[in-house]
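File shown: coords_24.txt (compact mmCIF, C-alpha atoms).
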```
# COMPACT_ATOMS: atom_id res chain seq x y z
CA MET I 1 60.67 -1.77 50.71
CA SER I 2 60.75 0.47 47.65
CA GLY I 3 62.24 -2.18 45.36
CA PRO I 4 65.09 -4.63 45.02
CA ALA I 5 67.78 -1.96 45.17
CA LEU I 6 69.20 -0.93 48.53
CA HIS I 7 70.19 2.65 49.38
CA LEU I 8 73.51 3.23 51.12
CA ALA I 9 74.25 6.24 53.29
CA VAL I 10 77.54 7.11 54.96
CA GLU I 11 78.35 9.31 57.95
CA LEU I 12 81.21 11.72 57.12
CA ASP I 13 81.69 13.66 60.34
CA GLY I 14 85.21 14.14 61.63
CA ASP I 15 87.79 11.47 60.82
CA GLY I 16 85.54 8.49 61.51
CA ALA I 17 83.33 6.73 64.03
CA HIS I 18 86.14 6.03 66.50
CA PRO I 19 87.02 8.97 68.77
CA ALA I 20 90.74 8.39 68.07
CA ALA I 21 90.27 8.00 64.31
CA TRP I 22 92.31 11.16 63.71
CA ARG I 23 95.41 9.20 64.75
CA ARG I 24 95.12 7.05 61.60
CA ALA I 25 93.96 9.81 59.26
CA ALA I 26 95.84 10.36 56.00
CA HIS I 27 96.01 14.11 56.58
CA SER I 28 97.60 16.30 59.22
CA PRO I 29 95.30 17.41 62.07
CA ASP I 30 95.20 20.99 60.78
CA GLN I 31 93.53 19.79 57.57
CA LEU I 32 90.43 18.36 59.31
CA LEU I 33 88.30 21.48 58.94
CA THR I 34 89.51 22.59 55.52
CA PRO I 35 87.09 22.89 52.58
CA ARG I 36 89.40 20.83 50.38
CA ARG I 37 89.19 17.77 52.62
CA LEU I 38 85.40 18.01 52.94
CA VAL I 39 84.96 18.24 49.18
CA ARG I 40 87.36 15.35 48.65
CA ILE I 41 85.57 12.85 50.88
CA ALA I 42 82.15 13.95 49.61
CA ALA I 43 83.36 13.38 46.04
CA VAL I 44 84.60 9.90 46.98
CA ALA I 45 81.18 9.05 48.41
CA GLU I 46 79.30 10.45 45.41
CA ASN I 47 81.53 8.75 42.84
CA ALA I 48 81.21 5.46 44.70
CA GLY I 49 77.42 5.61 44.34
CA PHE I 50 76.23 6.33 47.87
CA THR I 51 72.67 7.63 47.97
CA LEU I 52 73.21 9.91 50.94
CA ILE I 53 75.86 11.44 53.15
CA THR I 54 75.07 12.54 56.69
CA LEU I 55 77.02 15.03 58.80
CA ASP I 56 76.86 14.69 62.56
CA ASP I 57 76.63 17.76 64.76
CA GLY I 58 76.02 19.08 68.25
CA VAL I 59 76.66 22.27 70.16
CA LEU I 60 79.40 20.57 72.23
CA PRO I 61 82.70 19.42 70.71
CA PRO I 62 82.83 15.67 70.11
CA GLY I 63 85.34 13.29 71.68
CA ALA I 64 87.23 13.12 74.94
CA ALA I 65 89.75 15.71 76.08
CA LYS I 66 92.75 13.63 75.00
CA ASP I 67 91.28 13.19 71.54
CA PRO I 68 90.39 16.77 70.55
CA LEU I 69 88.17 16.98 67.50
CA GLY I 70 87.05 20.02 65.57
CA ARG I 71 83.72 20.60 63.92
CA ILE I 72 82.03 23.23 61.81
CA GLY I 73 78.22 23.37 61.89
CA ALA I 74 76.62 20.54 59.93
CA VAL I 75 74.24 22.79 57.97
CA GLU I 76 77.12 25.02 56.89
CA ARG I 77 79.16 22.00 55.80
CA ALA I 78 76.16 20.55 53.99
CA ALA I 79 75.63 23.80 52.06
CA PHE I 80 79.28 23.80 51.00
CA VAL I 81 79.11 20.17 49.87
CA ALA I 82 75.88 20.85 47.96
CA ALA I 83 77.67 23.29 45.68
CA SER I 84 80.34 20.74 44.77
CA THR I 85 78.11 17.70 44.16
CA SER I 86 75.29 16.94 41.74
CA ALA I 87 73.65 13.63 42.66
CA ILE I 88 74.22 12.55 46.24
CA GLY I 89 71.77 13.46 48.99
CA ILE I 90 73.03 15.55 51.91
CA ALA I 91 71.48 15.31 55.39
CA PRO I 92 72.94 17.28 58.29
CA VAL I 93 72.23 16.27 61.86
CA VAL I 94 70.30 19.08 63.56
CA PRO I 95 68.97 18.56 67.11
CA VAL I 96 66.01 20.71 68.14
CA THR I 97 66.30 20.06 71.86
CA TYR I 98 67.39 23.67 72.34
CA ALA I 99 67.62 25.15 68.84
CA GLU I 100 64.70 27.27 67.62
CA PRO I 101 62.64 25.23 65.10
CA PHE I 102 61.75 28.42 63.22
CA HIS I 103 65.41 29.04 62.42
CA VAL I 104 66.15 25.35 61.80
CA SER I 105 63.33 25.13 59.26
CA GLY I 106 64.69 28.13 57.37
CA GLN I 107 68.24 26.78 57.34
CA LEU I 108 67.11 23.40 56.03
CA ALA I 109 64.78 24.91 53.42
CA SER I 110 67.69 27.03 52.20
CA LEU I 111 69.85 23.89 51.99
CA ASP I 112 67.22 22.21 49.82
CA HIS I 113 67.23 25.21 47.47
CA ILE I 114 71.05 25.22 47.33
CA SER I 115 71.19 21.49 46.58
CA ALA I 116 68.30 21.60 44.07
CA GLY I 117 66.21 19.19 46.14
CA ARG I 118 68.84 16.82 47.53
CA ALA I 119 68.57 17.75 51.22
CA GLY I 120 67.53 15.69 54.19
CA TRP I 121 67.45 16.20 57.96
CA VAL I 122 68.65 13.77 60.63
CA VAL I 123 66.76 14.60 63.84
CA THR I 124 68.65 13.85 67.04
CA GLU I 125 68.74 15.06 70.65
CA GLU I 126 71.13 17.05 72.81
CA GLU I 127 71.46 14.71 75.78
CA ARG I 128 74.32 16.22 77.78
CA PRO I 129 73.40 18.82 80.45
CA GLU I 130 76.34 20.94 79.27
CA ALA I 131 74.43 21.56 76.02
CA ALA I 132 71.77 23.53 77.88
CA ARG I 133 74.42 25.80 79.40
CA ALA I 134 76.05 26.26 75.99
CA TRP I 135 72.71 27.35 74.53
CA GLY I 136 71.84 29.46 77.58
CA ARG I 137 68.58 27.56 77.89
CA PRO I 138 66.86 25.71 80.76
CA LEU I 139 67.79 22.04 80.94
CA VAL I 140 65.50 19.66 79.05
CA ALA I 141 65.78 16.75 81.43
CA GLY I 142 64.73 13.20 80.70
CA ALA I 143 64.03 11.15 77.61
CA ALA I 144 60.34 12.06 77.51
CA ALA I 145 61.05 15.79 77.57
CA ARG I 146 63.71 15.52 74.85
CA ALA I 147 61.35 13.44 72.71
CA ARG I 148 58.69 16.13 73.16
CA GLU I 149 61.07 18.80 71.87
CA SER I 150 61.98 16.66 68.85
CA ARG I 151 58.32 15.94 68.12
CA ASP I 152 57.31 19.59 68.35
CA GLY I 153 60.37 20.75 66.44
CA VAL I 154 59.67 18.47 63.49
CA GLU I 155 55.99 19.42 63.49
CA VAL I 156 56.85 23.12 63.40
CA ALA I 157 59.48 22.73 60.69
CA ARG I 158 57.15 20.74 58.46
CA ALA I 159 54.37 23.27 58.92
CA LEU I 160 56.69 26.16 58.12
CA TRP I 161 57.89 24.46 54.93
CA ASP I 162 54.24 24.41 53.86
CA SER I 163 53.58 27.99 54.97
CA TRP I 164 54.63 29.13 51.49
CA GLU I 165 52.63 27.50 48.73
CA ASP I 166 54.65 26.37 45.73
CA ASP I 167 53.57 29.31 43.57
CA ALA I 168 53.57 31.98 46.29
CA VAL I 169 56.57 33.73 44.70
CA ILE I 170 55.49 35.78 41.66
CA ARG I 171 58.51 38.00 40.85
CA SER I 172 56.42 40.16 38.51
CA VAL I 173 58.30 43.20 37.27
CA ALA I 174 55.24 44.49 35.43
CA THR I 175 53.11 44.65 38.60
CA SER I 176 55.98 45.19 41.10
CA ARG I 177 54.79 42.17 43.07
CA TYR I 178 57.27 39.69 44.53
CA LEU I 179 54.79 37.31 46.10
CA ASP I 180 51.12 36.52 46.51
CA ARG I 181 50.28 37.14 50.17
CA GLU I 182 47.19 34.96 49.87
CA ARG I 183 49.50 31.99 49.40
CA LEU I 184 51.43 32.59 52.61
CA HIS I 185 49.99 31.00 55.74
CA HIS I 186 50.36 31.20 59.51
CA VAL I 187 51.07 27.86 61.14
CA ASP I 188 49.63 28.80 64.58
CA PHE I 189 51.49 26.14 66.54
CA SER I 190 51.09 25.99 70.33
CA GLY I 191 53.24 23.41 72.09
CA ASP I 192 54.09 22.66 75.70
CA THR I 193 57.08 25.02 75.76
CA TYR I 194 56.68 27.52 72.91
CA VAL I 195 54.35 29.05 70.33
CA VAL I 196 55.11 29.64 66.63
CA LYS I 197 52.88 31.67 64.34
CA GLY I 198 54.80 31.78 61.09
CA PRO I 199 54.90 31.99 58.15
CA GLY I 200 58.48 30.98 57.42
CA ILE I 201 60.98 33.34 55.83
CA VAL I 202 62.19 30.97 53.08
CA PRO I 203 60.01 29.80 50.15
CA ARG I 204 58.83 26.21 50.16
CA PRO I 205 61.71 23.76 49.54
CA PRO I 206 62.01 22.22 46.05
CA GLN I 207 61.06 18.84 47.53
CA GLY I 208 58.06 20.35 49.28
CA GLN I 209 59.25 18.65 52.44
CA LEU I 210 62.83 17.62 53.10
CA VAL I 211 63.43 13.92 53.78
CA VAL I 212 63.34 13.59 57.58
CA LEU I 213 65.34 10.79 59.17
CA GLY I 214 65.40 9.76 62.82
CA ARG I 215 64.93 7.08 65.42
CA PRO I 216 61.26 6.09 65.69
CA ASP I 217 61.64 5.57 69.43
CA ARG I 218 62.49 9.26 69.78
CA VAL I 219 60.47 10.90 67.00
CA PRO I 220 56.94 9.73 66.14
CA ALA I 221 57.01 7.49 63.09
CA ALA I 222 54.29 9.60 61.46
CA GLN I 223 56.74 12.52 61.33
CA LEU I 224 59.56 10.53 59.71
CA ASP I 225 60.25 9.58 56.13
CA VAL I 226 63.13 7.29 57.08
CA ALA I 227 63.50 5.39 60.34
CA LEU I 228 67.07 4.78 61.54
CA VAL I 229 66.96 1.47 63.39
CA GLU I 230 69.60 -0.04 65.62
CA GLY I 231 70.42 -3.38 67.17
CA ARG I 232 73.54 -5.29 68.16
CA ASP I 233 72.63 -8.27 66.00
CA LEU I 234 70.76 -9.00 62.80
CA THR I 235 67.66 -10.27 64.61
CA SER I 236 67.37 -7.08 66.68
CA VAL I 237 67.73 -4.90 63.59
CA THR I 238 65.16 -6.80 61.54
CA THR I 239 62.70 -6.78 64.45
CA ALA I 240 63.11 -3.02 64.84
CA ALA I 241 62.72 -2.55 61.09
CA ALA I 242 59.50 -4.55 61.01
CA GLY I 243 57.95 -2.32 63.67
CA ALA I 244 59.25 1.04 62.46
CA GLY I 245 56.03 2.16 60.76
CA THR I 246 57.75 4.60 58.39
CA PRO I 247 57.82 4.79 54.57
CA ARG I 248 61.51 3.81 54.49
CA VAL I 249 63.83 2.11 56.99
CA PHE I 250 67.63 2.35 57.19
CA ALA I 251 69.75 0.10 59.41
CA GLU I 252 72.64 1.63 61.35
CA VAL I 253 75.92 -0.29 60.87
CA GLU I 254 79.38 0.57 62.17
CA VAL I 255 82.20 -0.81 60.02
CA ALA I 256 85.91 -1.51 60.35
CA LEU I 257 87.31 -3.29 57.30
CA ASP I 258 90.44 -5.23 56.49
CA THR I 259 92.88 -3.14 54.48
CA PRO I 260 96.08 -4.08 52.63
CA GLU I 261 98.08 -2.62 55.54
CA ALA I 262 96.25 -4.18 58.50
CA THR I 263 93.29 -6.30 59.45
CA ALA I 264 90.21 -4.64 60.84
CA ALA I 265 90.86 -6.17 64.26
CA GLU I 266 94.40 -4.82 64.28
CA ARG I 267 93.22 -1.34 63.34
CA VAL I 268 90.56 -1.33 66.07
CA ALA I 269 93.09 -2.58 68.64
CA ASP I 270 95.49 0.19 67.64
CA LEU I 271 92.88 2.88 68.30
CA GLU I 272 91.58 1.23 71.48
CA ARG I 273 94.97 2.01 73.07
CA TYR I 274 93.90 5.65 73.11
CA ALA I 275 90.14 5.58 73.67
CA PRO I 276 87.29 3.07 73.66
CA TRP I 277 84.96 2.76 70.69
CA ARG I 278 81.69 3.63 72.37
CA ASP I 279 78.98 1.00 72.18
CA ARG I 280 75.91 2.77 70.79
CA GLY I 281 73.84 -0.39 70.48
CA ARG I 282 74.41 -0.63 66.74
CA LEU I 283 75.24 -3.56 64.56
CA ARG I 284 79.02 -3.58 64.19
CA HIS I 285 81.04 -5.28 61.44
CA ILE I 286 84.77 -5.79 62.04
CA GLY I 287 86.35 -7.88 59.33
CA SER I 288 86.48 -8.64 55.63
CA VAL I 289 84.89 -6.99 52.63
CA ASP I 290 83.19 -10.23 51.63
CA ARG I 291 81.49 -10.60 54.99
CA LEU I 292 80.27 -7.00 54.88
CA ILE I 293 78.85 -7.52 51.39
CA ALA I 294 77.01 -10.60 52.65
CA LEU I 295 75.71 -8.68 55.67
CA ILE I 296 74.42 -5.81 53.53
CA ALA I 297 72.78 -8.27 51.14
CA GLU I 298 71.03 -9.94 54.05
CA LEU I 299 69.92 -6.60 55.49
CA GLY I 300 68.52 -5.74 52.08
CA ARG I 301 65.84 -8.37 52.63
CA HIS I 302 64.48 -6.40 55.59
CA VAL I 303 65.32 -2.70 55.15
CA ASP I 304 65.41 -0.07 52.41
CA GLY I 305 68.85 1.22 53.22
CA VAL I 306 71.94 1.03 55.40
CA ARG I 307 73.77 3.94 56.98
CA LEU I 308 77.44 3.08 57.42
CA HIS I 309 79.65 4.58 60.12
CA PRO I 310 83.28 3.91 59.08
CA LEU I 311 85.91 3.43 61.78
CA VAL I 312 88.40 5.71 59.99
CA LEU I 313 87.17 7.59 56.94
CA ASP I 314 90.51 7.82 55.17
CA GLU I 315 90.92 4.04 55.39
CA ASP I 316 87.44 2.50 55.38
CA LEU I 317 85.79 4.87 52.89
CA THR I 318 88.51 3.97 50.40
CA VAL I 319 87.77 0.25 50.78
CA LEU I 320 84.03 0.85 50.63
CA SER I 321 84.31 2.88 47.42
CA ARG I 322 86.78 0.58 45.66
CA LEU I 323 85.55 -2.85 46.71
CA VAL I 324 82.22 -2.92 48.54
CA LEU I 325 79.96 -0.68 46.44
CA PRO I 326 81.26 -1.97 43.09
CA ALA I 327 80.56 -5.54 44.21
CA LEU I 328 77.08 -4.66 45.40
CA SER I 329 76.41 -2.76 42.16
CA ALA I 330 77.58 -5.73 40.10
CA GLN I 331 74.99 -7.84 41.94
CA ARG I 332 72.38 -5.10 41.36
CA LEU I 333 71.81 -4.84 45.08
CA VAL I 334 72.25 -1.08 45.49
CA ALA I 335 70.64 1.98 43.94
CA ARG I 336 72.77 4.80 42.53
CA PRO I 337 71.42 8.38 42.57
CA LEU I 338 71.29 10.29 39.30
CA PRO I 339 72.19 13.97 38.78
CA GLY I 340 69.16 16.22 38.75
CA THR I 341 67.06 13.83 40.84
CA SER I 342 65.69 14.90 44.21
CA LEU I 343 66.45 12.86 47.30
CA ARG I 344 62.74 12.08 47.69
CA SER I 345 62.59 10.74 44.13
CA THR I 346 65.75 8.69 44.63
CA LEU I 347 64.19 7.07 47.70
CA GLY I 348 60.89 6.51 45.91
CA LEU I 349 59.00 9.00 48.10
CA GLU I 350 56.26 11.16 46.62
CA ARG I 351 56.47 14.94 46.78
CA PRO I 352 53.88 15.88 49.42
CA VAL I 353 50.96 18.18 48.66
CA ASN I 354 51.04 21.49 50.52
CA ARG I 355 48.68 21.15 53.49
CA PHE I 356 47.32 24.68 53.13
CA ALA I 357 46.70 24.41 49.39
CA ALA I 358 45.00 21.06 49.90
CA ALA I 359 42.75 22.58 52.56
CA ALA I 360 41.64 25.53 50.41
CA PRO I 361 37.97 25.48 49.34
CA ALA I 362 37.44 24.32 45.76
CA GLY I 363 36.12 27.67 44.60
CA GLN I 364 39.05 29.53 46.13
CA GLU I 365 41.53 27.12 44.51
CA ASP I 366 39.85 27.53 41.12
CA ALA I 367 39.98 31.31 41.46
CA ARG I 368 43.73 31.16 41.69
```

What do you get writing this file as structure tokens?
Amino acid sequence: MSGPALHLAVELDGDGAHPAAWRRAAHSPDQLLTPRRLVRIAAVAENAGFTLITLDDGVLPPGAAKDPLGRIGAVERAAFVAASTSAIGIAPVVPVTYAEPFHVSGQLASLDHISAGRAGWVVTEEERPEAARAWGRPLVAGAAARARESRDGVEVARALWDSWEDDAVIRSVATSRYLDRERLHHVDFSGDTYVVKGPGIVPRPPQGQLVVLGRPDRVPAAQLDVALVEGRDLTSVTTAAAGAGTPRVFAEVEVALDTPEATAAERVADLERYAPWRDRGRLRHIGSVDRLIALIAELGRHVDGVRLHPLVLDEDLTVLSRLVLPALSAQRLVARPLPGTSLRSTLGLERPVNRFAAAAPAGQEDAR
């Protein structure tokens, strides 16, 4: 672990983790996709002291037919949030099962520039066959094939972020030169299903490399900065955390909290009348604030962070911001990001050296 302070992340997609969460939302359904709502919940998370917000995504609409949910692309939402926040990290979910890694790398590098170094990337997979048809791509069938696409996609994106050295952009009016071509590099990647030459089309991100988060059973640990580990009980989570092999480890926890209006169990039961809360194999807390605080404190002995998935954002995020995070802060158990600090710095991760600059011969480097 990076220190005694724990980092808390929160998933802000839709109206909450439950597919019928929109039925308990504090806004009308037509407000779900409005900029005002997105800015409001992001501000609540930032003011509460969360280290990171994540935004789920996928080419297919989420939820069952009787619980229609809307979604704007996660990268687009992240860019909008970046302009209205100053401290919190922002990590969109971007699968590369079918998406072109060249374009994904450029989008994410742009997000890091927009956010002044507060961007991350949650790597996931497109598992449903319908996703292939939506993309107009051949089906990537099987866990091994999807893991291959994630592995290659992350490798390409990381290489493209390095394809511009930090000082490649000159912007010299006197010499009419925008960039130094000697400091742009081809990545020359050849994978099982595609080839990428590079260089990228966006200058190197402010962080050098964005913070990459993902499941270590689906993306090689060597490619991740933060492992997202799951387990239905504390023992399973701590075992997974111990074997993650990544610089930082976050536990995945779904939460439904008691509120002044109803207990957590009552709120879950109300939503279960419409649709089941899918079991994703994650630790799930349904109950009081005090028990959640104790659970997070215990997790803090084994992981560097916790990503929370609230049952209903308009209800649970309010309780988290007013009761849970203040209590954890009072006990000095959680870290709070500071304005002007990169996400890598907040997490205690070093800014990586550009691979191409590091590989340059000493004489060539001196000549620069």

Selection: 12 Å around Ala144 in chain I, all atoms listed in the file, excl. self and same-chain fewer than 5 positions, as a list of chain:residue names: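 Everything that qualifies: I:Thr97, I:Glu125, I:Glu127, I:Glu149, I:Ser150, I:Arg151, I:Asp217, I:Arg218, I:Val219.
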
Please provide the set of residues having any atom within 6 Å of Leu333 in chain I, restricted to all atoms listed in the file, with same-chain residues fewer than 2 positions apart removed, written as number ranges by chain. I: 5-6, 328-329, 331

Tell me which residues come within 10 Å of (84.8, -9.3, 57.9), as a list of chain:residue names, counting all atoms listed in the file in the file's coordinates.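 Selection result: I:Val255, I:Ala256, I:Leu257, I:Asp258, I:Thr263, I:Ala264, I:Ala265, I:His285, I:Ile286, I:Gly287, I:Ser288, I:Val289, I:Asp290, I:Arg291, I:Leu292, I:Ile293, I:Ala294, I:Leu295.
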
Skipping near chain neighbours, those fewer than 4 positions away, what residues fall within 12 Å of Leu338 in chain I using all atoms listed in the file, listed as number ranges by chain? I: 46-47, 49-52, 85-89, 118, 342-343, 345-347

Just want the 12 Å neighbourhood of Ala132 in chain I, counted on only C-alpha atoms, with same-chain residues fewer than 2 positions away dropped. Output as a list in words.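 Non-adjacent residues within range: Gly58, Val59, Leu60, Val96, Thr97, Tyr98, Ala99, Glu125, Glu126, Glu127, Arg128, Pro129, Glu130, Ala134, Trp135, Gly136, Arg137, Pro138, Leu139, Val140, Ala141 and Arg146 of chain I.
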
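Coordinates place CA of Ile41 in chain I at a distance of 21.5 Å from CA of Ala262 in chain I.
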
With distances taken over all atoms listed in the file, which of I:Gly281, I:Pro326, I:Gly340, I:Pro29 is nearest to Asp233 in chain I?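 With all atoms listed in the file as the atom set, the closest residue is I:Gly281.
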
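Going from CA of Ala17 in chain I to CA of Leu108 in chain I covers 24.6 Å.
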
Nearest to Val44 in chain I, chosen from I:Ser321, I:Ser172, I:Gln223, I:Gln107, with all atoms listed in the file counted in the distances: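 Closest to Val44 in chain I, using all atoms listed in the file: I:Ser321.
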
Skip range 192-205 of chain I itself and residues of its chain fewer than 3 positions away, then list as an MDAnalysis selection string all residues within 7 Å of it, counting only C-alpha atoms. chainID I and resid 106 109:110 112:113 160:166 184:189 208:209

Report, in Å to a single decimal, how far apart CA of Ala251 in chain I and CA of Asp304 in chain I are.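 One can read the CA of Asp304 in chain I to CA of Ala251 in chain I distance as 8.2 Å.
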
So which one's closest to Ile296 in chain I, I:Pro310, I:Glu182, I:Val334, I:Val39? Using all atoms listed in the file, please. I:Val334

Which residue is closest to Thr54 in chain I? Choose from I:Ala82, I:Ala221, I:Ala42, I:Leu12 and count only C-alpha atoms.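 Of I:Ala82, I:Ala221, I:Ala42, I:Leu12, the one nearest Thr54 in chain I, counting only C-alpha atoms, is I:Leu12.
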
Shortest interatomic distance to Gly305 in chain I - which of I:Val249, I:Ala26, I:Val75, I:Ala91, counting all atoms listed in the file: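 Going through I:Val249, I:Ala26, I:Val75, I:Ala91 one by one, the smallest distance to Gly305 in chain I is for I:Val249.
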